[in-house]
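Structure data (CSV, C-alpha atoms) from upload_15.csv:
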chain,number,residue,atom,x,y,z
A,1,MET,CA,-10.6,4.2,18.0
A,2,GLY,CA,-11.2,7.4,16.1
A,3,GLY,CA,-9.5,8.7,12.9
A,4,ASN,CA,-6.3,10.7,12.5
A,5,GLU,CA,-4.5,8.6,15.0
A,6,LEU,CA,-1.0,7.2,14.7
A,7,ARG,CA,0.5,4.2,16.4
A,8,HIS,CA,4.2,3.5,16.7
A,9,ALA,CA,6.3,0.4,17.5
A,10,GLY,CA,9.9,-0.8,17.0
A,11,ALA,CA,13.0,1.3,17.2
A,12,ARG,CA,12.9,5.0,17.9
A,13,PRO,CA,13.2,6.8,14.5
A,14,ARG,CA,16.4,8.6,15.4
A,15,ASP,CA,18.0,5.3,16.2
A,16,ALA,CA,16.4,3.2,13.4
A,17,ARG,CA,18.1,1.9,10.3
A,18,MET,CA,14.9,2.3,8.3
A,19,GLY,CA,11.3,3.3,8.8
A,20,LEU,CA,8.2,1.4,7.7
A,21,VAL,CA,4.7,2.9,7.5
A,22,LEU,CA,2.0,0.2,7.6
A,23,VAL,CA,-1.6,0.8,6.4
A,24,HIS,CA,-4.3,-1.5,7.6
A,25,GLY,CA,-7.3,-2.9,5.7
A,26,ARG,CA,-11.0,-2.5,6.1
A,27,GLY,CA,-12.4,-3.3,9.5
A,28,ALA,CA,-8.9,-3.5,11.0
A,29,THR,CA,-6.8,-1.2,13.2
A,30,ALA,CA,-3.4,0.4,13.3
A,31,GLU,CA,-2.4,-1.8,16.2
A,32,GLY,CA,-3.3,-4.9,14.2
A,33,ILE,CA,-1.2,-4.0,11.1
A,34,LEU,CA,1.8,-3.4,13.4
A,35,ASP,CA,1.8,-7.1,13.9
A,36,LEU,CA,3.0,-7.4,10.3
A,37,GLY,CA,5.9,-5.2,11.2
A,38,HIS,CA,6.7,-7.4,14.2
A,39,ALA,CA,6.5,-10.5,12.0
A,40,LEU,CA,9.4,-9.1,10.0
A,41,ALA,CA,11.7,-9.7,13.0
A,42,LEU,CA,13.7,-6.6,12.2
A,43,PRO,CA,14.1,-4.7,15.5
A,44,ASP,CA,16.0,-1.8,14.0
A,45,LEU,CA,12.9,-0.7,12.0
A,46,ALA,CA,10.8,2.2,13.2
A,47,LEU,CA,7.2,1.3,12.6
A,48,ALA,CA,4.3,3.8,12.2
A,49,ALA,CA,0.7,3.0,11.4
A,50,PRO,CA,-2.2,5.5,10.8
A,51,GLN,CA,-5.7,4.6,11.8
A,52,ALA,CA,-8.6,5.1,9.3
A,53,PRO,CA,-11.8,6.7,10.6
A,54,GLY,CA,-14.3,4.0,11.4
A,55,MET,CA,-11.6,1.4,10.5
A,56,SER,CA,-12.1,1.8,6.8
A,57,TRP,CA,-10.3,4.0,4.3
A,58,TRP,CA,-13.3,4.1,2.0
A,59,PRO,CA,-16.8,2.7,2.1
A,60,THR,CA,-16.9,1.0,-1.3
A,61,SER,CA,-14.7,-1.2,-3.6
A,62,PHE,CA,-11.5,0.5,-4.7
A,63,LEU,CA,-12.7,-0.3,-8.2
A,64,ALA,CA,-15.6,2.2,-7.9
A,65,PRO,CA,-15.7,5.3,-10.2
A,66,ALA,CA,-13.1,8.0,-9.5
A,67,ALA,CA,-15.6,10.6,-8.3
A,68,ARG,CA,-16.7,8.2,-5.5
A,69,MET,CA,-13.1,7.3,-4.6
A,70,GLU,CA,-11.1,10.5,-4.8
A,71,PRO,CA,-12.1,12.2,-1.6
A,72,TYR,CA,-11.3,9.1,0.4
A,73,VAL,CA,-8.0,8.5,-1.4
A,74,GLU,CA,-6.9,12.1,-0.7
A,75,ARG,CA,-7.8,11.7,3.0
A,76,GLY,CA,-5.9,8.4,3.2
A,77,MET,CA,-2.9,9.9,1.5
A,78,ALA,CA,-2.9,12.8,4.0
A,79,ALA,CA,-2.8,10.2,6.8
A,80,ILE,CA,0.3,8.6,5.2
A,81,ASP,CA,1.8,12.0,4.7
A,82,ALA,CA,1.4,12.6,8.4
A,83,ALA,CA,2.9,9.3,9.4
A,84,ILE,CA,6.0,9.9,7.2
A,85,ALA,CA,6.3,13.5,8.5
A,86,THR,CA,6.3,12.2,12.1
A,87,LEU,CA,9.1,9.8,11.4
A,88,VAL,CA,11.1,12.5,9.7
A,89,GLU,CA,10.5,15.0,12.5
A,90,GLU,CA,11.8,12.4,15.0
A,91,GLY,CA,15.0,11.9,13.1
A,92,LEU,CA,14.6,9.5,10.2
A,93,SER,CA,15.3,10.8,6.7
A,94,ARG,CA,12.5,10.3,4.1
A,95,ASP,CA,14.8,8.4,1.8
A,96,ARG,CA,15.0,5.6,4.4
A,97,ILE,CA,11.2,5.1,4.7
A,98,ALA,CA,9.3,2.2,3.1
A,99,LEU,CA,5.5,1.8,2.8
A,100,ALA,CA,3.4,-1.3,3.1
A,101,GLY,CA,-0.3,-2.0,3.3
A,102,PHE,CA,-2.8,-4.9,3.2
A,103,SER,CA,-6.1,-4.9,1.2
A,104,GLN,CA,-7.6,-1.4,1.3
A,105,GLY,CA,-4.4,-0.3,2.9
A,106,GLY,CA,-2.4,-2.0,0.2
A,107,CYS,CA,-4.3,-0.2,-2.5
A,108,LEU,CA,-3.8,3.1,-0.7
A,109,ALA,CA,-0.1,2.4,-0.2
A,110,LEU,CA,0.3,1.7,-3.9
A,111,GLU,CA,-1.6,4.8,-4.9
A,112,TYR,CA,0.4,6.9,-2.6
A,113,ALA,CA,3.7,5.6,-4.1
A,114,ALA,CA,2.5,6.2,-7.6
A,115,ARG,CA,1.3,9.8,-6.8
A,116,ARG,CA,3.9,10.9,-4.3
A,117,GLY,CA,7.1,8.8,-4.7
A,118,GLY,CA,10.1,9.4,-2.5
A,119,LEU,CA,10.1,6.0,-0.8
A,120,VAL,CA,12.7,3.3,-0.5
A,121,ALA,CA,10.3,0.4,-1.1
A,122,VAL,CA,6.6,-0.3,-1.5
A,123,PHE,CA,4.5,-3.4,-0.7
A,124,GLY,CA,0.9,-3.8,-1.7
A,125,LEU,CA,-0.3,-7.0,-0.1
A,126,SER,CA,-3.6,-8.2,-1.7
A,127,ALA,CA,-3.8,-4.9,-3.5
A,128,GLY,CA,-3.9,-2.9,-6.8
A,129,LEU,CA,-3.8,0.7,-7.9
A,130,VAL,CA,-6.9,2.8,-7.5
A,131,GLY,CA,-6.2,5.0,-10.5
A,132,THR,CA,-6.3,8.7,-11.2
A,133,GLY,CA,-9.6,8.8,-13.1
A,134,ASP,CA,-12.1,6.8,-15.2
A,135,ALA,CA,-11.1,5.4,-18.6
A,136,ASP,CA,-13.2,4.7,-21.6
A,137,GLY,CA,-14.6,1.2,-21.9
A,138,PRO,CA,-17.3,-0.9,-20.5
A,139,ALA,CA,-17.6,-2.7,-17.2
A,140,THR,CA,-16.0,-6.1,-17.4
A,141,GLU,CA,-16.2,-9.4,-15.5
A,142,ALA,CA,-12.4,-9.2,-15.2
A,143,LEU,CA,-12.8,-6.1,-13.1
A,144,TYR,CA,-15.7,-7.5,-11.1
A,145,GLY,CA,-18.4,-5.5,-13.0
A,146,PHE,CA,-16.6,-2.2,-12.8
A,147,GLY,CA,-15.2,-0.1,-15.6
A,148,PRO,CA,-11.5,0.6,-16.4
A,149,LYS,CA,-9.4,3.3,-14.8
A,150,ALA,CA,-6.8,5.8,-16.0
A,151,PHE,CA,-3.3,5.7,-14.5
A,152,ASP,CA,-1.9,9.1,-15.3
A,153,TYR,CA,1.1,9.6,-12.9
A,154,ALA,CA,3.9,12.0,-13.3
A,155,THR,CA,6.1,10.4,-10.6
A,156,ARG,CA,9.4,8.7,-11.3
A,157,LEU,CA,10.2,5.6,-9.2
A,158,ASP,CA,13.5,4.6,-10.9
A,159,GLY,CA,14.7,1.4,-9.3
A,160,VAL,CA,12.3,1.5,-6.3
A,161,PRO,CA,11.2,-2.1,-5.4
A,162,VAL,CA,7.4,-2.4,-5.7
A,163,GLU,CA,6.0,-5.8,-4.6
A,164,ILE,CA,2.3,-6.6,-5.3
A,165,THR,CA,0.7,-9.8,-4.1
A,166,VAL,CA,-2.7,-11.2,-4.9
A,167,HIS,CA,-4.5,-14.6,-4.9
A,168,GLU,CA,-5.4,-15.9,-8.3
A,169,GLN,CA,-9.1,-15.7,-7.2
A,170,ASP,CA,-9.3,-12.8,-4.7
A,171,PRO,CA,-12.8,-11.7,-3.8
A,172,HIS,CA,-11.7,-8.1,-3.5
A,173,ILE,CA,-8.7,-7.6,-5.8
A,174,PRO,CA,-9.1,-8.7,-9.5
A,175,LEU,CA,-6.0,-10.3,-10.9
A,176,ALA,CA,-6.4,-8.1,-13.9
A,177,ARG,CA,-6.0,-5.0,-11.8
A,178,ALA,CA,-3.0,-6.4,-10.0
A,179,ARG,CA,-1.3,-7.2,-13.3
A,180,GLU,CA,-2.1,-3.8,-14.7
A,181,SER,CA,-0.7,-2.1,-11.6
A,182,VAL,CA,2.7,-3.9,-12.1
A,183,ALA,CA,2.7,-2.7,-15.7
A,184,VAL,CA,2.1,0.9,-14.5
A,185,PHE,CA,4.9,0.8,-12.0
A,186,ASP,CA,7.2,-0.6,-14.6
A,187,ARG,CA,6.3,2.4,-16.8
A,188,LEU,CA,7.2,4.7,-13.8
A,189,GLY,CA,10.7,3.0,-13.7
A,190,ALA,CA,10.1,0.9,-10.5
A,191,SER,CA,11.5,-2.6,-10.1
A,192,ALA,CA,8.0,-4.1,-9.9
A,193,ARG,CA,7.1,-7.7,-9.2
A,194,LEU,CA,3.7,-9.5,-8.9
A,195,ALA,CA,3.4,-12.6,-6.8
A,196,VAL,CA,0.3,-14.6,-7.5
A,197,THR,CA,-0.9,-17.2,-5.0
A,198,PRO,CA,-2.8,-20.1,-6.7
A,199,GLY,CA,-6.5,-20.6,-5.8
A,200,ALA,CA,-8.9,-18.4,-3.8
A,201,GLY,CA,-8.1,-16.2,-0.9
A,202,HIS,CA,-7.3,-12.8,0.5
A,203,GLY,CA,-4.5,-12.6,3.0
A,204,ILE,CA,-0.8,-12.2,3.8
A,205,GLY,CA,1.2,-15.4,3.4
A,206,PRO,CA,4.6,-16.3,4.7
A,207,GLU,CA,6.2,-15.8,1.3
A,208,ALA,CA,5.1,-12.1,1.3
A,209,ILE,CA,6.6,-11.6,4.7
A,210,ALA,CA,9.8,-13.2,3.6
A,211,SER,CA,10.0,-11.1,0.5
A,212,MET,CA,9.4,-7.9,2.6
A,213,ARG,CA,12.1,-8.9,5.0
A,214,GLY,CA,14.5,-9.5,2.2
A,215,HIS,CA,14.0,-6.0,0.8
A,216,LEU,CA,14.1,-4.3,4.2
A,217,ASN,CA,17.0,-6.2,5.7
A,218,VAL,CA,19.7,-4.3,3.8
structure tokens encoding of this file:
Amino acid sequence: MGGNELRHAGARPRDARMGLVLVHGRGATAEGILDLGHALALPDLALAAPQAPGMSWWPTSFLAPAARMEPYVERGMAAIDAAIATLVEEGLSRDRIALAGFSQGGCLALEYAARRGGLVAVFGLSAGLVGTGDADGPATEALYGFGPKAFDYATRLDGVPVEITVHEQDPHIPLARARESVAVFDRLGASARLAVTPGAGHGIGPEAIASMRGHLNV
């Protein structure tokens, strides 16, 4: 599958109660992340999922320096813009569209929300914010050998639910970055929550699906 493709499932946007854009992780596909939408068992959702070129939104860790990340982040956000625009063009207002992603896709979803706003809910599953630039400070073990990032966002997300999940020992998402991300969203006015799964792992558990369903089944 090439890039710049969009997959749909669920209700037709003009008939849907709500829309949900789903963003896949590294090495995965748009079709695969649609399974998460189906697992919510909410047939009145209109689902849309963009496909990353080469099945990856960026070639490195999301913790990499901003100069390496930014071109890929912009490309990924453009893909989310296009997915949202398609739902809107087909009859669903933007203020009824939520955004969710897993791993790389979760990081991209969180970054999109912080930079663009205008969503009804956001779910970063095994994810953390990418950041807007590099911050002063040394590389640390808590950030897996990478340096700190700046999180300079002008967006207001007053009252928007933002759910971030992570394993206590996640090989890709440092717990420190997930915690920092929640603090950033709190600063932007969101109703942010971090759910930490004990032990090691990197995945989507039933608790995360149940929480998403609770926020979207309104």
Pick from A:Arg187, A:Arg75, A:His38, A:Lys149, whichever lies nearest to Arg213 of chain A using all atoms listed in the file: A:His38
Within 10 Å of segment 52-64 of chain A, counting all atoms listed in the file, which residues show up once you throw out same-chain ones fewer than 6 positions away? Write them as a CSV table (one decimal) with C-alpha atoms, in the coordinates of the input, please.
chain,number,residue,atom,x,y,z
A,1,MET,CA,-10.6,4.2,18.0
A,2,GLY,CA,-11.2,7.4,16.1
A,3,GLY,CA,-9.5,8.7,12.9
A,4,ASN,CA,-6.3,10.7,12.5
A,5,GLU,CA,-4.5,8.6,15.0
A,6,LEU,CA,-1.0,7.2,14.7
A,23,VAL,CA,-1.6,0.8,6.4
A,24,HIS,CA,-4.3,-1.5,7.6
A,25,GLY,CA,-7.3,-2.9,5.7
A,26,ARG,CA,-11.0,-2.5,6.1
A,27,GLY,CA,-12.4,-3.3,9.5
A,28,ALA,CA,-8.9,-3.5,11.0
A,29,THR,CA,-6.8,-1.2,13.2
A,30,ALA,CA,-3.4,0.4,13.3
A,70,GLU,CA,-11.1,10.5,-4.8
A,71,PRO,CA,-12.1,12.2,-1.6
A,72,TYR,CA,-11.3,9.1,0.4
A,73,VAL,CA,-8.0,8.5,-1.4
A,75,ARG,CA,-7.8,11.7,3.0
A,76,GLY,CA,-5.9,8.4,3.2
A,77,MET,CA,-2.9,9.9,1.5
A,79,ALA,CA,-2.8,10.2,6.8
A,103,SER,CA,-6.1,-4.9,1.2
A,104,GLN,CA,-7.6,-1.4,1.3
A,105,GLY,CA,-4.4,-0.3,2.9
A,107,CYS,CA,-4.3,-0.2,-2.5
A,108,LEU,CA,-3.8,3.1,-0.7
A,127,ALA,CA,-3.8,-4.9,-3.5
A,128,GLY,CA,-3.9,-2.9,-6.8
A,129,LEU,CA,-3.8,0.7,-7.9
A,130,VAL,CA,-6.9,2.8,-7.5
A,131,GLY,CA,-6.2,5.0,-10.5
A,134,ASP,CA,-12.1,6.8,-15.2
A,143,LEU,CA,-12.8,-6.1,-13.1
A,144,TYR,CA,-15.7,-7.5,-11.1
A,145,GLY,CA,-18.4,-5.5,-13.0
A,146,PHE,CA,-16.6,-2.2,-12.8
A,147,GLY,CA,-15.2,-0.1,-15.6
A,148,PRO,CA,-11.5,0.6,-16.4
A,149,LYS,CA,-9.4,3.3,-14.8
A,172,HIS,CA,-11.7,-8.1,-3.5
A,173,ILE,CA,-8.7,-7.6,-5.8
A,174,PRO,CA,-9.1,-8.7,-9.5
A,177,ARG,CA,-6.0,-5.0,-11.8
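Atom pair atom CA of Ile164 of chain A / atom CA of Arg115 of chain A: separated by 16.5 Å.
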Surrounding residues of Gly106 of chain A excluding itself and chain neighbours under 4 positions, 6 Å, all atoms listed in the file, as number ranges by chain: A: 101-102, 124-125, 127
Residue neighbourhood segment 179-184 of chain A, 10 Å, all atoms listed in the file, exclusion window fewer than 6 positions, as a PyMOL selection string: chain A and resi 107+110-111+114+127-131+151-153+162-166+190-196
All residues 12 Å or closer to Asp15 of chain A, only C-alpha atoms, same chain fewer than 5 positions away omitted, as a short mmCIF file (atom, residue, chain, number, x, y, z; two decimals) with C-alpha atoms, keeping the file's coordinate frame:
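In the end it all went to selection.cif:
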data_model
loop_
_atom_site.label_atom_id
_atom_site.label_comp_id
_atom_site.auth_asym_id
_atom_site.auth_seq_id
_atom_site.Cartn_x
_atom_site.Cartn_y
_atom_site.Cartn_z
CA GLY A 10 9.90 -0.80 17.00
CA PRO A 43 14.10 -4.70 15.50
CA ASP A 44 16.00 -1.80 14.00
CA LEU A 45 12.90 -0.70 12.00
CA ALA A 46 10.80 2.20 13.20
CA LEU A 87 9.10 9.80 11.40
CA VAL A 88 11.10 12.50 9.70
CA GLU A 90 11.80 12.40 15.00
CA GLY A 91 15.00 11.90 13.10
CA LEU A 92 14.60 9.50 10.20
CA SER A 93 15.30 10.80 6.70
#
Which of A:Val218, A:Ala98, A:Ala109, A:Ala39 sits closest to Ala78 of chain A [using all atoms listed in the file]: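 Closest candidate: A:Ala109.
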Nearby residues (only C-alpha atoms) at most 8 Å from Arg156 of chain A, same-chain spacing under 2 positions excluded, as a list in words: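 Residues meeting the cut-off are Gly117, Ala154, Asp158, Leu188, Gly189 and Ala190 of chain A.
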Atom CA of Leu175 of chain A to atom CA of Ala142 of chain A, distance in Å rounded to a single decimal: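 Distance between the two atoms: 7.8 Å.
Note that the spacing between atom CA of Thr86 of chain A and atom CA of Gly118 of chain A amounts to 15.3 Å.
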Since the input lacks atoms, please generate N, CA and C atoms for segment 107-127 of chain A and provide them as a short mmCIF file (atom, residue, chain, number, x, y, z; two decimals), in the coordinates of the input.
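This went into part-v2.cif:
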data_model
loop_
_atom_site.label_atom_id
_atom_site.label_comp_id
_atom_site.auth_asym_id
_atom_site.auth_seq_id
_atom_site.Cartn_x
_atom_site.Cartn_y
_atom_site.Cartn_z
N CYS A 107 -3.95 -1.03 -1.35
CA CYS A 107 -4.30 -0.20 -2.50
C CYS A 107 -3.94 1.26 -2.23
N LEU A 108 -4.17 1.74 -1.01
CA LEU A 108 -3.80 3.10 -0.70
C LEU A 108 -2.30 3.30 -0.70
N ALA A 109 -1.53 2.32 -0.22
CA ALA A 109 -0.10 2.40 -0.20
C ALA A 109 0.44 2.49 -1.68
N LEU A 110 -0.10 1.65 -2.55
CA LEU A 110 0.30 1.70 -3.90
C LEU A 110 -0.01 3.02 -4.59
N GLU A 111 -1.21 3.51 -4.33
CA GLU A 111 -1.60 4.80 -4.90
C GLU A 111 -0.76 5.92 -4.42
N TYR A 112 -0.43 5.90 -3.12
CA TYR A 112 0.40 6.90 -2.60
C TYR A 112 1.79 6.90 -3.27
N ALA A 113 2.36 5.72 -3.45
CA ALA A 113 3.70 5.60 -4.10
C ALA A 113 3.63 6.15 -5.51
N ALA A 114 2.58 5.81 -6.24
CA ALA A 114 2.50 6.20 -7.60
C ALA A 114 2.30 7.75 -7.74
N ARG A 115 1.61 8.35 -6.78
CA ARG A 115 1.30 9.80 -6.80
C ARG A 115 2.42 10.63 -6.18
N ARG A 116 3.02 10.12 -5.11
CA ARG A 116 3.90 10.90 -4.30
C ARG A 116 5.41 10.55 -4.50
N GLY A 117 5.69 9.25 -4.62
CA GLY A 117 7.10 8.80 -4.70
C GLY A 117 7.88 9.05 -3.47
N GLY A 118 9.20 9.05 -3.62
CA GLY A 118 10.10 9.40 -2.50
C GLY A 118 10.19 8.32 -1.44
N LEU A 119 10.02 7.05 -1.79
CA LEU A 119 10.10 6.00 -0.80
C LEU A 119 11.17 4.98 -1.21
N VAL A 120 11.65 4.23 -0.22
CA VAL A 120 12.70 3.30 -0.50
C VAL A 120 12.21 1.95 -1.00
N ALA A 121 10.97 1.59 -0.67
CA ALA A 121 10.30 0.40 -1.10
C ALA A 121 8.85 0.44 -0.84
N VAL A 122 8.05 -0.30 -1.62
CA VAL A 122 6.60 -0.30 -1.50
C VAL A 122 6.06 -1.70 -1.59
N PHE A 123 5.11 -2.04 -0.69
CA PHE A 123 4.50 -3.40 -0.70
C PHE A 123 3.01 -3.27 -0.64
N GLY A 124 2.36 -3.74 -1.70
CA GLY A 124 0.90 -3.80 -1.70
C GLY A 124 0.46 -5.23 -1.61
N LEU A 125 0.01 -5.61 -0.44
CA LEU A 125 -0.30 -7.00 -0.10
C LEU A 125 -1.83 -7.20 -0.36
N SER A 126 -2.18 -8.06 -1.29
CA SER A 126 -3.60 -8.20 -1.70
C SER A 126 -4.10 -6.86 -2.17
N ALA A 127 -3.51 -6.30 -3.22
CA ALA A 127 -3.80 -4.90 -3.50
C ALA A 127 -3.58 -4.62 -5.03
#
